[in-house]
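S.K.: Contents are mmCIF, C-alpha atoms; file name start_5.cif:
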```
data_run
loop_
_atom_site.label_atom_id
_atom_site.label_comp_id
_atom_site.auth_asym_id
_atom_site.auth_seq_id
_atom_site.Cartn_x
_atom_site.Cartn_y
_atom_site.Cartn_z
CA MET A 37 112.12 48.88 79.89
CA LYS A 38 112.54 45.71 81.97
CA PHE A 39 115.10 45.01 84.63
CA ALA A 40 115.30 41.86 86.71
CA ILE A 41 117.21 40.97 89.85
CA VAL A 42 117.35 37.82 91.90
CA ILE A 43 116.38 38.14 95.54
CA ALA A 44 119.37 37.11 97.60
CA ALA A 45 120.59 37.44 101.14
CA ALA A 46 122.74 40.41 100.11
CA CYS A 47 121.39 43.57 98.53
CA LEU A 48 121.64 43.86 94.76
CA VAL A 49 121.84 47.25 93.07
CA ALA A 50 121.90 47.92 89.35
CA PRO A 51 121.43 51.14 87.35
CA VAL A 52 118.83 51.29 84.61
CA PRO A 53 118.48 54.39 82.41
CA SER A 54 115.23 55.49 80.81
CA ALA A 55 114.36 58.70 78.93
CA TYR A 56 111.13 60.73 78.83
CA ALA A 57 110.91 64.07 77.01
CA ALA A 58 113.69 66.41 78.27
CA VAL A 59 114.02 64.51 81.57
CA THR A 60 116.15 61.39 81.86
CA PHE A 61 115.58 58.92 84.68
CA THR A 62 118.36 56.83 86.15
CA CYS A 63 116.82 54.16 88.35
CA THR A 64 118.26 51.62 90.78
CA VAL A 65 116.53 48.58 92.23
CA ASN A 66 117.40 47.14 95.62
CA ALA A 67 115.82 44.02 97.15
CA THR A 68 116.55 42.12 100.33
CA GLY A 69 115.80 38.43 100.56
CA ILE A 70 113.27 36.72 102.79
CA ALA A 71 115.21 34.63 105.32
CA PHE A 72 112.95 32.32 107.30
CA GLY A 73 115.60 30.85 109.60
CA THR A 74 114.96 27.44 111.17
CA TYR A 75 111.60 25.87 110.30
CA ASN A 76 109.85 23.90 113.05
CA PRO A 77 107.43 21.36 111.51
CA LEU A 78 105.76 20.93 114.93
CA SER A 79 104.79 24.61 115.21
CA PRO A 80 101.01 25.08 114.78
CA THR A 81 101.47 28.60 113.36
CA GLY A 82 103.91 28.18 110.48
CA ASP A 83 106.82 30.54 109.90
CA SER A 84 106.86 34.15 108.69
CA SER A 85 109.57 36.51 107.53
CA VAL A 86 109.82 39.84 105.72
CA GLY A 87 111.92 41.10 102.81
CA SER A 88 111.89 44.52 101.18
CA TRP A 89 112.38 46.27 97.88
CA THR A 90 113.19 49.83 96.86
CA VAL A 91 113.11 51.49 93.44
CA THR A 92 114.84 54.88 93.29
CA CYS A 93 114.71 57.09 90.19
CA ASN A 94 116.78 60.27 89.78
CA ALA A 95 115.54 62.81 87.26
CA ILE A 96 118.16 64.77 85.32
CA GLY A 97 117.79 67.24 82.46
CA SER A 98 115.15 69.94 82.35
CA GLY A 99 111.44 70.06 83.00
CA SER A 100 109.40 67.28 84.57
CA ALA A 101 107.90 63.98 83.53
CA THR A 102 105.92 61.08 84.96
CA VAL A 103 107.72 57.87 85.77
CA ALA A 104 105.44 54.81 86.09
CA GLY A 105 106.45 51.29 86.94
CA THR A 106 105.24 47.80 87.74
CA LEU A 107 107.02 45.36 90.02
CA THR A 108 106.45 41.61 89.57
CA LEU A 109 107.90 38.45 91.14
CA SER A 110 108.62 35.17 89.38
CA THR A 111 107.32 31.76 90.44
CA GLY A 112 110.76 30.53 91.47
CA LEU A 113 111.74 26.86 91.34
CA SER A 114 108.13 25.64 91.67
CA GLY A 115 106.99 27.16 88.37
CA THR A 116 103.67 28.15 89.96
CA TYR A 117 102.27 30.91 92.16
CA THR A 118 99.87 28.50 93.88
CA ALA A 119 102.61 27.26 96.18
CA ARG A 120 106.17 28.39 95.70
CA THR A 121 108.67 25.84 96.97
CA MET A 122 112.13 25.93 98.44
CA LYS A 123 114.29 22.93 97.59
CA SER A 124 116.91 20.91 99.42
CA GLY A 125 117.98 18.24 96.97
CA THR A 126 114.75 16.43 96.01
CA HIS A 127 112.84 17.67 99.09
CA ALA A 128 110.49 20.66 98.87
CA LEU A 129 109.19 23.06 101.50
CA GLN A 130 106.13 25.11 100.51
CA TYR A 131 105.93 28.86 101.07
CA ASN A 132 104.66 31.97 99.36
CA ILE A 133 105.27 35.71 99.17
CA TYR A 134 102.45 38.08 100.03
CA LEU A 135 101.55 41.75 99.68
CA THR A 136 100.42 42.11 103.31
CA PRO A 137 101.20 40.47 106.67
CA SER A 138 97.73 38.84 106.58
CA HIS A 139 99.10 36.49 103.86
CA THR A 140 96.05 36.76 101.59
CA GLN A 141 97.36 38.42 98.39
CA VAL A 142 100.18 36.60 96.58
CA ILE A 143 102.68 38.85 94.78
CA GLY A 144 103.22 37.59 91.25
CA ASP A 145 102.79 38.95 87.75
CA GLY A 146 99.08 39.80 87.91
CA SER A 147 97.97 36.43 86.49
CA ALA A 148 96.23 33.52 88.23
CA GLY A 149 94.90 35.74 91.03
CA THR A 150 98.31 37.22 91.90
CA PHE A 151 99.08 40.88 92.36
CA ALA A 152 101.61 43.00 90.45
CA LEU A 153 102.56 46.24 92.18
CA SER A 154 102.24 49.51 90.24
CA ASP A 155 103.01 53.12 91.07
CA SER A 156 103.72 56.39 89.30
CA GLY A 157 104.70 59.94 90.07
CA THR A 158 105.75 63.18 88.45
CA VAL A 159 109.38 64.11 88.97
CA THR A 160 111.09 67.42 88.19
CA ALA A 161 114.70 67.42 87.02
CA GLY A 162 117.01 67.33 90.03
CA GLN A 163 114.52 65.44 92.19
CA VAL A 164 114.40 61.82 93.36
CA TYR A 165 111.34 59.56 93.16
CA GLN A 166 111.50 56.56 95.50
CA ILE A 167 109.09 53.68 96.01
CA THR A 168 109.58 51.17 98.83
CA GLY A 169 107.65 48.14 99.96
CA SER A 170 107.72 44.93 101.93
CA MET A 171 107.29 41.31 100.87
CA TYR A 172 105.81 38.98 103.49
CA GLY A 173 106.93 35.37 103.31
CA PHE A 174 104.96 32.57 104.96
CA MET A 175 105.57 28.82 105.26
CA PRO A 176 102.48 26.80 106.27
CA PRO A 177 102.72 24.63 109.40
CA SER A 178 103.02 20.84 109.63
CA GLN A 179 105.24 20.21 106.60
CA ASP A 180 107.04 16.93 107.22
CA VAL A 181 110.42 17.51 105.58
CA PRO A 182 113.90 16.29 106.52
CA ALA A 183 116.43 18.71 107.99
CA GLY A 184 118.45 20.59 105.39
CA SER A 185 119.17 23.92 103.83
CA TYR A 186 116.19 24.92 101.66
CA SER A 187 116.30 27.77 99.15
CA ASP A 188 114.56 29.29 96.17
CA SER A 189 115.42 32.04 93.67
CA ILE A 190 112.80 34.65 92.89
CA VAL A 191 113.35 37.19 90.12
CA VAL A 192 112.06 40.70 90.80
CA THR A 193 111.20 42.53 87.56
CA VAL A 194 110.56 46.25 87.39
CA THR A 195 109.06 47.50 84.12
CA TYR A 196 108.88 51.27 83.50
#
```
Written as structure tokens, how would this file's structure read?

M.R.:
Amino acid sequence: MKFAIVIAAACLVAPVPSAYAAVTFTCTVNATGIAFGTYNPLSPTGDSSVGSWTVTCNAIGSGSATVAGTLTLSTGLSGTYTARTMKSGTHALQYNIYLTPSHTQVIGDGSAGTFALSDSGTVTAGQVYQITGSMYGFMPPSQDVPAGSYSDSIVVTVTY
């Protein structure tokens, strides 16, 4: 089953049901956006910010079952994972979203050298299975762009 949400400044929550054997999972997805704030093109270090995601599955029914899922991120307005871009009119500011604060592993869909996040666990009826993680945004330094409000829309997809 697939469910997608758009990362935004506010939290988004949506229920998604899924059934396995005698246990039924009701899952919610929550993601917070990556807000960089004011970009300084003269800074030699670039700009970093952190967003987060949480997938929570409640097991109801009887018995237990394994719930497994994969979380992927879209390319956004750029159409590529190589360098995602935020736009302000016709101007673009490059950035990307990474798995770790070292900014070496791009979160994507598992293609073109990107990483898709996967996890699984066995849940007994009446229990909750929760997975949380961070997304590390980074904008490279020395991008000569005019002042403006730059944004991008990334779709988070959880398949389970």

S.K.: Taking the file as I've supplied it (selection: the PyMOL selection byres ((chain A and resi 140) around 12)), which residues are included? Please answer as number ranges by chain.

M.R.: A: 118, 132-139, 141-143, 149-151, 172-174

S.K.: From the options A:Lys123, A:Met171, A:Ser147, A:Val59, which residue's atoms come nearest to Ser88 in chain A, counting all atoms listed in the file?

M.R.: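 Residue with the minimum atom-to-atom distance to Ser88 in chain A: A:Met171.
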
S.K.: Determine the residue membership of the PyMOL selection byres ((chain A and resi 95-98) around 6) for the file above and supply it as a ChimeraX atom specification.

M.R.: /A:58-61,94,99,161-163

S.K.: Could you name the residues that touch Gly184 in chain A at 10 Å or less, counting only C-alpha atoms, but leaving out those on the same chain fewer than 3 positions away, as a PyMOL selection string?

M.R.: chain A and resi 74-75+123-125+127+181+187

S.K.: In Å, how far is it from CA of Thr106 in chain A to CA of Gly87 in chain A?

M.R.: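 Separating CA of Thr106 in chain A from CA of Gly87 in chain A is a distance of 17.8 Å.
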
S.K.: What is the distance between CA of Val194 in chain A and CA of Pro176 in chain A, in Å to one decimal?

M.R.: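 Spanning CA of Val194 in chain A to CA of Pro176 in chain A is a straight-line distance of 28.3 Å.
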
S.K.: Choose the residue, out of A:Cys93, A:Thr62, A:Ala104, A:Gly73, that has the smallest atom-to-atom separation from Ser156 in chain A; count all atoms listed in the file.

M.R.: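 Nearest candidate to Ser156 in chain A out of A:Cys93, A:Thr62, A:Ala104, A:Gly73: A:Ala104.
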
S.K.: Identify which of the residues A:Thr108, A:Ser100, A:Thr158, A:Ser85 lies closest to Thr193 in chain A, counting only C-alpha atoms when measuring atom-to-atom distances.

M.R.: A:Thr108

S.K.: Report as a VMD selection string all protein, DNA and RNA residues lying within 12 Å of Ala128 in chain A, evaluated on all atoms listed in the file, omitting residues in the same chain fewer than 2 positions from it.

M.R.: chain A and resid 113 to 114 119 to 126 130 to 131 175 179 to 188

S.K.: Would you mind reading off the distance between CA of Val159 in chain A and CA of Ala101 in chain A, one decimal, in Å?

M.R.: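 Those two atoms sit 5.6 Å apart.
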
S.K.: Can you tell me which residues surround Trp89 in chain A at a distance of at most 7 Å, considering all atoms listed in the file, apart from same-chain residues fewer than 5 positions away, and format the answer as a PDB file with C-alpha atoms, in the coordinates of the input?

M.R.:
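After the write, selection-v9.pdb holds the following:
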```pdb
ATOM      1  CA  ASN A  66     117.400  47.140  95.620  1.00  0.00           C
ATOM      2  CA  ALA A  67     115.820  44.020  97.150  1.00  0.00           C
ATOM      3  CA  THR A  68     116.550  42.120 100.330  1.00  0.00           C
ATOM      4  CA  THR A 168     109.580  51.170  98.830  1.00  0.00           C
ATOM      5  CA  GLY A 169     107.650  48.140  99.960  1.00  0.00           C
ATOM      6  CA  SER A 170     107.720  44.930 101.930  1.00  0.00           C
TER       7      SER A 170
END
```

S.K.: Could the centre and edge lengths of an axis-aligned box, enclosing all atoms of range 101-108 of chain A in the file with 5 Å extra on each side, be given in Å to one decimal as AutoDock Vina command-line options?

M.R.:
```
--center_x 106.6 --center_y 52.8 --center_z 86.8 --size_x 12.7 --size_y 32.4 --size_z 16.5
```

S.K.: Could you tell me which residues the PyMOL selection byres ((chain A and resi 110) around 9) grabs in this file, written as a PyMOL selection string?

M.R.: chain A and resi 108-109+111-112+115-117+143-145+189-193
